[in-house]
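> Next comes the structure file entry03.tsv, holding TSV, C-alpha atoms.
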chain	number	residue	atom	x	y	z
K	1	MET	CA	-30.24	79.87	-0.16
K	2	TYR	CA	-29.56	76.66	1.72
K	3	ASN	CA	-33.01	75.26	0.86
K	4	TYR	CA	-32.50	76.04	-2.82
K	5	ILE	CA	-29.11	74.25	-2.96
K	6	HIS	CA	-30.54	71.35	-0.99
K	7	ARG	CA	-33.47	70.95	-3.45
K	8	ILE	CA	-31.04	70.96	-6.40
K	9	SER	CA	-28.79	68.31	-4.75
K	10	VAL	CA	-31.71	66.04	-3.97
K	11	ARG	CA	-33.12	66.43	-7.50
K	12	SER	CA	-29.67	65.58	-9.02
K	13	LEU	CA	-29.24	62.60	-6.72
K	14	PHE	CA	-32.69	61.29	-7.69
K	15	LYS	CA	-31.91	61.64	-11.40
K	16	ASN	CA	-28.54	59.89	-11.05
K	17	THR	CA	-30.04	57.07	-9.02
K	18	THR	CA	-32.80	56.59	-11.58
K	19	VAL	CA	-30.25	56.38	-14.41
K	20	CYS	CA	-28.17	53.81	-12.48
K	21	LEU	CA	-31.18	51.65	-11.71
K	22	LEU	CA	-32.27	51.77	-15.35
K	23	ALA	CA	-28.78	50.71	-16.48
K	24	LEU	CA	-28.72	47.80	-14.01
K	25	PHE	CA	-32.16	46.66	-15.21
K	26	ILE	CA	-30.96	46.64	-18.85
K	27	LEU	CA	-27.81	44.67	-17.92
K	28	ALA	CA	-29.86	42.13	-16.01
K	29	ALA	CA	-32.19	41.65	-18.95
K	30	CYS	CA	-29.21	41.08	-21.26
K	31	SER	CA	-27.79	38.51	-18.84
K	32	LEU	CA	-31.07	36.60	-18.84
K	33	GLY	CA	-31.09	36.65	-22.62
K	34	ASN	CA	-27.60	35.07	-22.63
K	35	GLY	CA	-28.72	32.14	-20.46
K	36	ASN	CA	-26.90	32.99	-17.16
K	37	SER	CA	-29.94	32.69	-14.96
K	38	ALA	CA	-29.58	32.16	-11.24
K	39	SER	CA	-32.28	29.51	-11.49
K	40	GLY	CA	-30.26	27.60	-14.09
K	41	THR	CA	-32.87	28.11	-16.88
K	42	THR	CA	-31.27	28.79	-20.28
K	43	ASN	CA	-32.43	29.60	-23.78
K	44	SER	CA	-31.18	28.00	-26.99
K	45	LYS	CA	-28.00	30.13	-27.05
K	46	PRO	CA	-24.86	28.72	-25.34
K	47	ALA	CA	-24.34	30.08	-21.84
K	48	THR	CA	-21.33	32.18	-21.07
K	49	PRO	CA	-19.47	30.44	-18.19
K	50	THR	CA	-19.21	32.54	-15.07
K	51	SER	CA	-17.05	30.15	-13.06
K	52	ASN	CA	-13.40	29.25	-13.46
K	53	PRO	CA	-13.14	27.01	-16.58
K	54	ALA	CA	-10.74	24.64	-14.79
K	55	THR	CA	-13.22	24.20	-11.94
K	56	ALA	CA	-16.10	23.59	-14.32
K	57	THR	CA	-14.09	21.01	-16.29
K	58	ALA	CA	-12.92	19.16	-13.17
K	59	SER	CA	-16.47	18.79	-11.88
K	60	ALA	CA	-17.54	17.10	-15.12
K	61	THR	CA	-14.45	14.87	-15.50
K	62	PRO	CA	-14.60	11.25	-14.25
K	63	PHE	CA	-12.12	10.56	-11.49
K	64	VAL	CA	-10.17	7.60	-10.16
K	65	LYS	CA	-11.88	5.67	-7.38
K	66	LEU	CA	-10.20	3.33	-4.92
K	67	GLY	CA	-11.04	-0.34	-4.60
K	68	THR	CA	-13.29	-2.64	-6.58
K	69	GLN	CA	-15.88	-0.93	-8.80
K	70	THR	CA	-19.02	-2.23	-10.51
K	71	CYS	CA	-18.16	-3.73	-13.90
K	72	PRO	CA	-20.12	-2.69	-16.99
K	73	ALA	CA	-23.03	-5.11	-17.40
K	74	SER	CA	-21.79	-6.25	-20.81
K	75	VAL	CA	-18.54	-7.68	-19.37
K	76	SER	CA	-19.54	-8.63	-15.85
K	77	GLN	CA	-20.50	-12.25	-16.56
K	78	SER	CA	-17.94	-15.06	-16.47
K	79	SER	CA	-19.40	-16.50	-19.67
K	80	TYR	CA	-18.36	-13.36	-21.58
K	81	TRP	CA	-14.68	-14.06	-20.88
K	82	ASN	CA	-14.62	-17.80	-21.50
K	83	SER	CA	-14.28	-17.19	-25.22
K	84	LYS	CA	-11.82	-14.30	-24.76
K	85	ILE	CA	-9.21	-16.21	-22.78
K	86	PRO	CA	-10.20	-18.91	-23.99
K	87	THR	CA	-11.11	-21.67	-21.52
K	88	GLN	CA	-11.72	-25.38	-22.11
K	89	ALA	CA	-14.69	-27.37	-20.85
K	90	ASN	CA	-13.83	-29.73	-17.97
K	91	VAL	CA	-10.33	-28.25	-17.80
K	92	ASN	CA	-10.68	-24.66	-16.59
K	93	GLN	CA	-13.28	-21.95	-16.30
K	94	VAL	CA	-13.57	-18.28	-15.47
K	95	GLU	CA	-14.14	-18.07	-11.74
K	96	ASN	CA	-14.53	-14.35	-11.08
K	97	VAL	CA	-14.60	-10.97	-12.82
K	98	SER	CA	-13.94	-7.72	-10.96
K	99	CYS	CA	-13.16	-4.19	-12.12
K	100	ALA	CA	-11.16	-1.22	-10.84
K	101	ASN	CA	-9.06	1.75	-11.91
K	102	LEU	CA	-5.93	-0.41	-11.88
K	103	MET	CA	-4.07	1.85	-14.33
K	104	GLY	CA	-4.56	4.93	-12.18
K	105	ARG	CA	-6.99	6.62	-14.53
K	106	ALA	CA	-10.75	6.97	-14.76
K	107	ASP	CA	-11.48	4.09	-17.16
K	108	LEU	CA	-11.94	0.60	-15.71
K	109	GLN	CA	-9.76	-2.47	-16.09
K	110	ALA	CA	-10.96	-6.04	-15.48
K	111	LEU	CA	-9.35	-8.69	-13.29
K	112	VAL	CA	-10.39	-12.10	-14.62
K	113	THR	CA	-9.41	-15.24	-12.69
K	114	VAL	CA	-9.44	-18.71	-14.21
K	115	ARG	CA	-9.60	-21.84	-12.04
K	116	TYR	CA	-8.36	-25.26	-13.15
K	117	ALA	CA	-9.86	-28.57	-12.12
K	118	GLY	CA	-7.69	-30.79	-9.91
K	119	THR	CA	-6.32	-31.05	-6.37
K	120	GLY	CA	-3.91	-28.12	-6.77
K	121	HIS	CA	-6.75	-25.64	-7.42
K	122	ILE	CA	-4.43	-23.86	-9.86
K	123	LEU	CA	-5.35	-20.26	-10.66
K	124	ASP	CA	-4.44	-18.08	-13.64
K	125	VAL	CA	-4.77	-14.30	-13.39
K	126	HIS	CA	-5.56	-12.02	-16.35
K	127	VAL	CA	-5.93	-8.23	-16.38
K	128	TYR	CA	-7.56	-6.49	-19.36
K	129	ASN	CA	-7.87	-2.93	-20.57
K	130	ASN	CA	-10.44	-1.54	-23.06
K	131	ILE	CA	-12.81	-4.03	-21.53
K	132	THR	CA	-15.94	-3.08	-23.50
K	133	ASN	CA	-14.18	-3.37	-26.86
K	134	PRO	CA	-14.85	-6.49	-28.95
K	135	LYS	CA	-11.19	-7.43	-28.40
K	136	PRO	CA	-10.04	-6.26	-24.93
K	137	SER	CA	-6.27	-5.87	-24.59
K	138	GLU	CA	-4.51	-8.02	-21.99
K	139	ILE	CA	-2.04	-5.94	-19.97
K	140	PHE	CA	-0.97	-8.52	-17.36
K	141	GLN	CA	-0.93	-12.27	-16.88
K	142	LEU	CA	0.14	-14.51	-14.01
K	143	THR	CA	-0.24	-18.29	-14.27
K	144	ASN	CA	-0.01	-21.50	-12.23
K	145	LEU	CA	-0.74	-20.16	-8.75
K	146	TYR	CA	-1.02	-23.27	-6.57
K	147	LYS	CA	-4.15	-22.91	-4.42
K	148	GLY	CA	-4.17	-19.39	-5.82
K	149	GLU	CA	-6.37	-16.44	-4.93
K	150	ALA	CA	-6.44	-12.92	-6.39
K	151	LYS	CA	-8.22	-9.69	-5.59
K	152	ILE	CA	-8.08	-5.93	-6.03
K	153	SER	CA	-6.81	-3.98	-3.03
K	154	ALA	CA	-8.25	-0.82	-1.54
K	155	TYR	CA	-5.11	0.81	-2.94
K	156	ASN	CA	-5.92	-0.13	-6.59
K	157	THR	CA	-3.24	-2.79	-6.76
K	158	LEU	CA	-3.52	-6.46	-7.63
K	159	LEU	CA	-3.04	-8.84	-4.70
K	160	THR	CA	-2.33	-12.55	-5.04
K	161	SER	CA	-1.97	-15.39	-2.57
K	162	GLU	CA	-0.67	-18.89	-3.26
K	163	ALA	CA	1.16	-21.82	-1.71
K	164	ASN	CA	4.93	-22.02	-2.09
K	165	GLN	CA	5.28	-25.79	-2.25
K	166	LYS	CA	9.02	-25.64	-1.46
K	167	SER	CA	8.78	-23.42	1.63
K	168	PRO	CA	9.64	-24.82	5.09
K	169	GLN	CA	5.94	-24.73	5.93
K	170	ASN	CA	4.90	-26.81	2.92
K	171	ILE	CA	7.81	-29.02	1.89
K	172	ASN	CA	6.94	-32.73	2.10
K	173	GLN	CA	3.36	-31.94	3.15
K	174	SER	CA	0.30	-33.62	1.69
K	175	ALA	CA	-1.85	-31.60	-0.71
K	176	ALA	CA	-4.48	-31.13	1.99
K	177	ALA	CA	-1.92	-29.82	4.50
K	178	ILE	CA	-0.28	-27.28	2.18
K	179	VAL	CA	-1.08	-23.68	3.15
K	180	ASN	CA	-1.02	-20.37	1.32
K	181	ASP	CA	2.17	-18.69	2.53
K	182	LEU	CA	3.17	-16.47	-0.39
K	183	GLN	CA	1.44	-13.17	-1.04
K	184	ARG	CA	2.46	-10.68	-3.72
K	185	GLU	CA	1.38	-7.23	-4.86
K	186	PHE	CA	1.43	-5.69	-8.34
K	187	LYS	CA	0.96	-2.04	-9.32
K	188	TRP	CA	0.58	-0.38	-12.71
K	189	SER	CA	3.78	1.13	-14.15
K	190	ASP	CA	3.49	3.72	-16.94
K	191	SER	CA	7.09	3.11	-17.97
K	192	SER	CA	6.68	-0.67	-18.20
K	193	GLN	CA	3.09	-0.53	-19.47
K	194	THR	CA	2.10	-3.43	-17.24
K	195	LEU	CA	1.66	-4.32	-13.58
K	196	VAL	CA	4.97	-4.70	-11.73
K	197	SER	CA	5.86	-6.29	-8.41
K	198	ILE	CA	6.07	-3.92	-5.43
K	199	ALA	CA	6.78	-4.34	-1.72
K	200	PHE	CA	4.33	-3.61	1.06
K	201	PRO	CA	6.27	-1.59	3.68
K	202	GLY	CA	5.02	-3.59	6.66
K	203	PHE	CA	7.01	-5.84	9.01
K	204	PHE	CA	4.31	-6.64	11.59
K	205	PRO	CA	1.56	-7.72	12.25
K	206	SER	CA	1.39	-8.16	8.46
K	207	THR	CA	4.28	-8.39	6.04
K	208	THR	CA	2.10	-8.15	2.91
K	209	ARG	CA	-0.90	-6.03	1.93
K	210	TYR	CA	-2.95	-9.19	1.31
K	211	GLN	CA	-2.46	-10.15	4.97
K	212	ALA	CA	-3.00	-6.58	6.16
K	213	GLU	CA	-6.37	-6.22	4.44
K	214	THR	CA	-7.43	-9.59	5.87
K	215	ASP	CA	-6.38	-8.41	9.34
K	216	GLN	CA	-8.29	-5.16	8.85
K	217	GLN	CA	-11.46	-7.11	8.06
K	218	LYS	CA	-11.06	-9.10	11.28
K	219	VAL	CA	-10.62	-5.92	13.31
K	220	ASN	CA	-13.69	-4.40	11.63
K	221	GLN	CA	-15.63	-7.45	12.85
K	222	GLY	CA	-14.50	-6.92	16.44
K	223	GLN	CA	-11.56	-9.35	16.45
K	224	GLU	CA	-7.86	-8.71	17.18
K	225	ALA	CA	-8.59	-5.28	18.65
K	226	TRP	CA	-4.97	-4.95	19.89
K	227	GLN	CA	-4.01	-3.95	16.33
K	228	LEU	CA	-5.74	-0.61	16.96
K	229	SER	CA	-3.21	0.27	19.68
K	230	ALA	CA	0.23	1.44	18.57
K	231	GLN	CA	1.69	0.60	21.97
K	232	LEU	CA	0.30	-2.96	21.96
K	233	VAL	CA	1.48	-3.57	18.40
K	234	ALA	CA	5.02	-2.52	19.40
K	235	THR	CA	4.93	-4.70	22.52
K	236	LYS	CA	3.73	-7.76	20.61
K	237	PHE	CA	6.24	-7.14	17.84
K	238	VAL	CA	9.23	-7.56	20.14
K	239	ALA	CA	7.58	-10.38	22.12
K	240	GLN	CA	6.22	-12.55	19.31
K	241	ASN	CA	8.69	-11.88	16.52
K	242	LYS	CA	11.42	-14.51	16.59
K	243	LEU	CA	13.96	-11.84	15.67
K	244	PHE	CA	13.80	-10.49	19.22
K	245	ASN	CA	12.09	-12.82	21.65
K	246	TRP	CA	11.92	-9.92	24.14
K	247	GLN	CA	9.12	-11.39	26.25
K	248	ASN	CA	9.97	-10.05	29.71
K	249	ASP	CA	11.33	-6.89	31.32
K	250	THR	CA	10.33	-4.62	28.44
K	251	GLN	CA	9.17	-1.02	28.63
K	252	THR	CA	7.22	0.59	25.79
K	253	THR	CA	7.08	4.39	25.40
K	254	ILE	CA	5.19	6.43	22.81
K	255	VAL	CA	7.63	8.99	21.42
K	256	SER	CA	5.17	10.69	19.06
K	257	GLY	CA	1.73	10.12	17.52
K	258	GLY	CA	-0.07	6.88	18.20
K	259	GLY	CA	-3.34	8.52	19.28
K	260	LYS	CA	-6.85	7.61	18.23
K	261	ASN	CA	-6.87	10.22	15.45
K	262	ASP	CA	-3.21	9.86	14.43
K	263	VAL	CA	-1.99	8.04	11.34
K	264	ASN	CA	1.69	7.82	12.36
K	265	ALA	CA	3.51	6.75	15.50
K	266	ILE	CA	7.04	6.34	16.82
K	267	VAL	CA	7.45	3.96	19.74
K	268	LYS	CA	10.54	3.16	21.78
K	269	VAL	CA	10.89	-0.31	23.30
K	270	GLU	CA	13.56	-1.03	25.90
K	271	LYS	CA	14.58	-4.28	27.55
K	272	SER	CA	16.66	-4.68	30.69
K	273	SER	CA	19.82	-6.75	30.35
K	274	PRO	CA	23.00	-7.36	32.39
K	275	ALA	CA	24.76	-4.78	30.21
K	276	GLY	CA	22.03	-2.15	30.63
K	277	LYS	CA	19.14	-1.20	28.35
K	278	ASN	CA	18.65	-2.74	24.92
K	279	MET	CA	16.52	-0.48	22.73
K	280	VAL	CA	14.78	-0.33	19.36
K	281	THR	CA	12.78	2.47	17.77
K	282	ILE	CA	9.65	1.32	15.93
K	283	THR	CA	7.93	3.52	13.36
K	284	MET	CA	4.31	2.71	12.48
K	285	SER	CA	1.53	3.98	10.25
K	286	ARG	CA	-2.16	3.23	9.86
K	287	LEU	CA	-3.15	0.97	6.99
K	288	GLU	CA	-4.03	3.25	4.05
K	289	ASN	CA	-3.58	6.25	6.42
K	290	ASN	CA	-7.04	5.49	7.81
K	291	ALA	CA	-7.40	7.25	11.16
K	292	ASN	CA	-10.95	5.93	11.48
K	293	GLY	CA	-10.21	2.41	12.66
K	294	GLY	CA	-7.18	1.58	10.53
K	295	ILE	CA	-4.82	-1.02	12.01
K	296	TRP	CA	-1.25	-0.09	12.94
K	297	ILE	CA	1.55	-1.48	10.75
K	298	VAL	CA	5.25	-1.50	11.71
K	299	THR	CA	7.05	0.13	8.76
K	300	LYS	CA	10.53	0.88	10.10
K	301	VAL	CA	12.80	-0.58	12.77
K	302	ASP	CA	16.19	0.69	13.86
K	303	SER	CA	18.30	1.30	16.95
K	304	PRO	CA	20.37	4.26	18.16
K	305	GLN	CA	23.60	2.39	17.44
K	306	LEU	CA	22.54	0.45	14.34
K	307	SER	CA	21.12	1.38	10.91
K	308	ILE	CA	20.98	0.24	7.26
K	309	THR	CA	22.01	2.73	4.56
K	310	SER	CA	21.59	0.38	1.57
K	311	PRO	CA	19.76	-1.24	-0.07
K	312	ASP	CA	17.01	1.38	-0.02
K	313	GLN	CA	13.60	0.44	1.32
K	314	GLN	CA	11.39	-1.43	-1.16
K	315	SER	CA	14.15	-1.95	-3.72
K	316	HIS	CA	14.56	-4.95	-6.03
K	317	ILE	CA	17.63	-6.94	-4.94
K	318	GLN	CA	19.44	-10.07	-6.11
K	319	SER	CA	21.84	-12.52	-4.49
K	320	PRO	CA	24.47	-11.65	-3.49
K	321	VAL	CA	23.25	-8.33	-2.15
K	322	ASN	CA	25.59	-5.71	-0.73
K	323	VAL	CA	24.32	-4.41	2.61
K	324	THR	CA	25.84	-1.26	4.11
K	325	GLY	CA	25.14	0.61	7.31
K	326	LYS	CA	26.45	1.91	10.60
K	327	GLY	CA	26.93	0.23	13.93
K	328	THR	CA	29.21	-0.34	16.91
K	329	ALA	CA	31.98	-2.92	16.40
K	330	PHE	CA	33.63	-5.16	18.97
K	331	GLU	CA	36.79	-6.83	17.74
K	332	GLY	CA	35.76	-5.99	14.20
K	333	VAL	CA	32.26	-7.50	14.29
K	334	ILE	CA	29.10	-5.40	14.52
K	335	GLY	CA	26.64	-8.28	14.34
K	336	LYS	CA	24.82	-10.43	11.79
K	337	ILE	CA	23.02	-9.70	8.54
K	338	SER	CA	20.10	-11.95	7.60
K	339	ILE	CA	17.83	-12.18	4.55
K	340	PHE	CA	14.27	-13.41	5.23
K	341	ASP	CA	11.26	-14.17	3.08
K	342	SER	CA	7.88	-12.67	4.03
K	343	GLN	CA	7.26	-15.52	6.51
K	344	TYR	CA	10.56	-14.78	8.32
K	345	ASN	CA	12.21	-17.94	6.98
K	346	VAL	CA	15.99	-17.41	6.84
K	347	LEU	CA	17.34	-17.43	3.28
K	348	GLY	CA	20.93	-16.34	3.99
K	349	ASN	CA	23.30	-14.99	6.69
K	350	THR	CA	26.68	-13.33	7.04
K	351	ASN	CA	28.58	-11.24	9.58
K	352	ALA	CA	28.45	-7.45	9.53
K	353	ARG	CA	32.10	-6.46	9.88
K	354	GLY	CA	33.09	-2.94	10.81
K	355	GLN	CA	35.55	-0.79	8.91
K	356	GLN	CA	37.50	-0.48	12.15
K	357	GLY	CA	38.04	-2.82	15.09
K	358	ASN	CA	36.07	-1.21	17.92
K	359	GLY	CA	33.56	1.57	18.45
K	360	ALA	CA	31.21	3.40	16.09
K	361	THR	CA	31.92	2.51	12.50
K	362	SER	CA	30.37	1.66	9.14
K	363	PHE	CA	30.06	-1.76	7.50
K	364	SER	CA	29.69	-3.18	4.00
K	365	SER	CA	29.05	-6.90	3.46
K	366	ASN	CA	27.83	-9.10	0.61
K	367	VAL	CA	25.11	-11.58	1.55
K	368	ASN	CA	24.28	-14.68	-0.48
K	369	TYR	CA	20.75	-16.01	-0.16
K	370	THR	CA	18.77	-18.87	-1.70
K	371	ARG	CA	15.05	-18.52	-2.30
K	372	THR	CA	12.68	-21.47	-2.16
K	373	PHE	CA	10.21	-19.74	-4.50
K	374	LYS	CA	11.70	-19.94	-8.01
K	375	ASN	CA	8.81	-18.81	-10.21
K	376	SER	CA	9.14	-15.06	-9.78
K	377	SER	CA	10.14	-12.33	-7.34
K	378	GLU	CA	8.73	-12.13	-3.81
K	379	GLU	CA	8.70	-9.79	-0.84
K	380	GLY	CA	11.46	-10.15	1.71
K	381	ILE	CA	13.39	-8.50	4.53
K	382	VAL	CA	16.99	-7.45	5.12
K	383	ALA	CA	17.80	-7.35	8.84
K	384	VAL	CA	20.97	-6.45	10.75
K	385	PHE	CA	21.33	-7.61	14.36
K	386	SER	CA	23.73	-6.53	17.08
K	387	TYR	CA	24.25	-8.56	20.24
K	388	SER	CA	25.03	-7.87	23.88
K	389	ASN	CA	28.54	-8.89	24.94
K	390	ALA	CA	27.13	-9.64	28.40
K	391	ASP	CA	24.53	-12.29	27.58
K	392	GLY	CA	24.39	-12.58	23.78
K	393	SER	CA	20.85	-11.20	23.54
K	394	VAL	CA	19.75	-8.97	20.67
K	395	ASN	CA	20.45	-5.38	21.72
K	396	GLY	CA	19.91	-3.68	18.39
K	397	LEU	CA	18.07	-4.29	15.14
K	398	ALA	CA	17.66	-2.50	11.81
K	399	MET	CA	15.33	-3.71	9.05
K	400	ALA	CA	14.57	-2.92	5.42
K	401	LYS	CA	11.71	-4.27	3.28
K	402	GLU	CA	12.70	-5.41	-0.23
K	403	ILE	CA	11.68	-7.32	-3.35
K	404	LEU	CA	13.79	-10.47	-3.65
K	405	SER	CA	14.69	-11.66	-7.16
What do you get writing this file as structure tokens?

Amino acid sequence: MYNYIHRISVRSLFKNTTVCLLALFILAACSLGNGNSASGTTNSKPATPTSNPATATASATPFVKLGTQTCPASVSQSSYWNSKIPTQANVNQVENVSCANLMGRADLQALVTVRYAGTGHILDVHVYNNITNPKPSEIFQLTNLYKGEAKISAYNTLLTSEANQKSPQNINQSAAAIVNDLQREFKWSDSSQTLVSIAFPGFFPSTTRYQAETDQQKVNQGQEAWQLSAQLVATKFVAQNKLFNWQNDTQTTIVSGGGKNDVNAIVKVEKSSPAGKNMVTITMSRLENNANGGIWIVTKVDSPQLSITSPDQQSHIQSPVNVTGKGTAFEGVIGKISIFDSQYNVLGNTNARGQQGNGATSFSSNVNYTRTFKNSSEEGIVAVFSYSNADGSVNGLAMAKEILS
């Protein structure tokens, strides 16, 4: 009896298996007929997608790349743009053409620079969209940059450098002695439909992205290797920056980050004084968050007893600007508020007066400042200092990076 049942079960199993295999073979043949071959071979009928449609679309969609890109051949020559701008023989000429995704989308925009003849080496900057059209549309223009230079950053922003002829470095200097001391950065704004001025968050070693990318190139070539050490950057910041002049008796401690593979760091710097320890907390980040050899940039400075609550970082401000914060007052005074340009030239000062006479308190003060660069806005710094009652040294500092108008 057992053998009979067993033979029936085996025979049924064989029949069922045969039917299943036959069904699978038919399904496979149908799939091949619809073009979904594992080898990628298809017939004339459209293939039925087997992957997620969003994934398939994303893989075929052009994407935004960072930094300068190769221009289309039809617009890459300077001669193409001479008639578009237009230029004049023996007066000015197109000097350079470069392309990038400056508008934050996959199509390219062109940066076209025009150089004028003469000792000032004046530069005009033009940015165009729809660059392969017979009539490209100009979306940004900047003119009369004395000894001007312009380039596209690794962050897809426009960077310019020029000489501020009225700055303390350049005033009353001969044309040959004038130096480029004004760098600006412009980023595409959907709401404004043009490039707008923005502030690089750095305070040291670079206060502008133009300087930072130049410093990065030097480090890549084996120079200025100290910029790869968060601890050394913090030490040099307090020693070399004229805001502090903390050259001796300082102790630098890594609070967090700062390692070879880190992109952020917090460093505490203390200096001995007759009244005890003066201290600042320095926040840093790698340029472009590049952990593979990116230089360290100081992006925030404050002290346990001193901070700025307004204006916000990287805001556009005008004179007079209201500066608020918290600090420790002595006889009503917390310290001094200063406005600097990007070269740390003082543009204006006032006292930070506490809301109460002594102890921890808040402050609110209006600061008037006068800029030497009148043509447009520029990057600048708001700084609040507190001082030791024992020897008058700086014992606290808070800083905010702004756009000065």
> May I have the residues within 9 Å of Gly120 of chain K as a PDB file with C-alpha atoms, keeping the file's coordinate frame, using all atoms listed in the file and disregarding those fewer than 6 positions away in the same chain?

ATOM      1  CA  LEU K 145      -0.740 -20.160  -8.750  1.00  0.00           C
ATOM      2  CA  TYR K 146      -1.020 -23.270  -6.570  1.00  0.00           C
ATOM      3  CA  LYS K 147      -4.150 -22.910  -4.420  1.00  0.00           C
ATOM      4  CA  GLY K 148      -4.170 -19.390  -5.820  1.00  0.00           C
ATOM      5  CA  ALA K 175      -1.850 -31.600  -0.710  1.00  0.00           C
TER       6      ALA K 175
END
> Using all atoms listed in the file, pick whichever of K:Pro134, K:Val233, K:Asn101, K:Thr208 has the shortest atom-to-atom distance to Trp188 of chain K.
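Between K:Pro134, K:Val233, K:Asn101, K:Thr208, the residue approaching Trp188 of chain K most closely is K:Asn101.
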> Find, counting all atoms listed in the file, the residue in K:Asn130, K:Gln93, K:Thr113, K:Asn289 that gets nearest to Ala154 of chain K.
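That would be K:Asn289, the residue with the smallest distance to Ala154 of chain K.
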> Would you mind telling me which residue in K:His121, K:Lys300, K:Arg209, K:Lys166 lies nearest to Thr370 of chain K when using all atoms listed in the file?
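Looking only at the distances to Thr370 of chain K, the closest residue turns out to be K:Lys166.
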> In Å to one decimal, how far is atom CA of Val196 of chain K from atom CA of Lys374 of chain K?
17.1 Å
> Just to confirm, what's the straight-line distance from atom CA of Val323 of chain K to atom CA of Leu159 of chain K in Å (one decimal)?
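Interatomic distance, atom CA of Val323 of chain K to atom CA of Leu159 of chain K: 28.7 Å.
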> Mind listing whatever residues come within 9 Å of the point (-2.5, -3.7, 11.5)? Use only C-alpha atoms, file coordinates, and give them as number ranges by chain.
K: 202, 204-206, 212-213, 215-216, 219, 226-228, 233, 285-287, 294-298
> What does the distance between atom CA of Val267 of chain K and atom CA of Ile254 of chain K come to in Å, to one decimal place?
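Atom-to-atom, atom CA of Val267 of chain K and atom CA of Ile254 of chain K are spaced 4.5 Å apart.
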> Mind checking which residues fall within 9 Å of Val179 of chain K, counting all atoms listed in the file, ignoring those fewer than 3 positions away in the same chain, and posting them as a ChimeraX atom specification?
/K:147,162-165,169-170,175-176
> I'd like the contact shell of Ser153 of chain K - 12 Å cut-off, only C-alpha atoms, skipping same-chain residues fewer than 6 positions apart - returned as a list in words.
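Surrounding residues, per the criterion: Lys65, Leu66, Gly67, Thr68, Gln69, Ser98, Cys99, Ala100, Asn101, Leu102, Leu111, Leu159, Thr160, Arg184, Glu185, Phe186, Lys187, Phe200, Thr208, Arg209, Tyr210, Gln211, Ala212, Glu213, Thr214, Leu287 and Glu288 of chain K.
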> Looking at K:Ala106, K:Val127, K:Leu404, K:Met279, which one is nearest to Ile198 of chain K, with distances taken over only C-alpha atoms?
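For Ile198 of chain K, the nearest of the candidates is K:Leu404.
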> Rank nothing, just name the residue among K:Gln251, K:Ser191, K:Ile122, K:Ser174 nearest to Ser161 of chain K, using all atoms listed in the file.
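Checking each of K:Gln251, K:Ser191, K:Ile122, K:Ser174 against Ser161 of chain K, counting all atoms listed in the file, the winner is K:Ile122.
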> Measuring between only C-alpha atoms, which one of K:Lys260, K:Ile403, K:Ala89, K:Leu195 shows the shortest distance to Phe140 of chain K?
K:Leu195
> Anything within 12 Å of (26.8, -8.2, 28.0): list those residues as number ranges by chain, counting all atoms listed in the file and sticking to the file's coordinates.
K: 272-278, 330, 386-395
> What's around Glu331 of chain K at 9 Å? Count all atoms listed in the file, leave out sequence neighbours fewer than 2 positions away in its own chain, and write the answer as a VMD selection string.
chain K and resid 329 333 to 334 354 356 to 358
> Would you compute the box with edges along x, y and z of the file around segment 311-315 of chain K, including every atom the file lists for it and 8 Å extra on each side, and give its centre and edge lengths in Å to one decimal, as JSON?

{"center_x": 15.6, "center_y": -0.3, "center_z": -1.2, "size_x": 24.4, "size_y": 19.3, "size_z": 21.0}
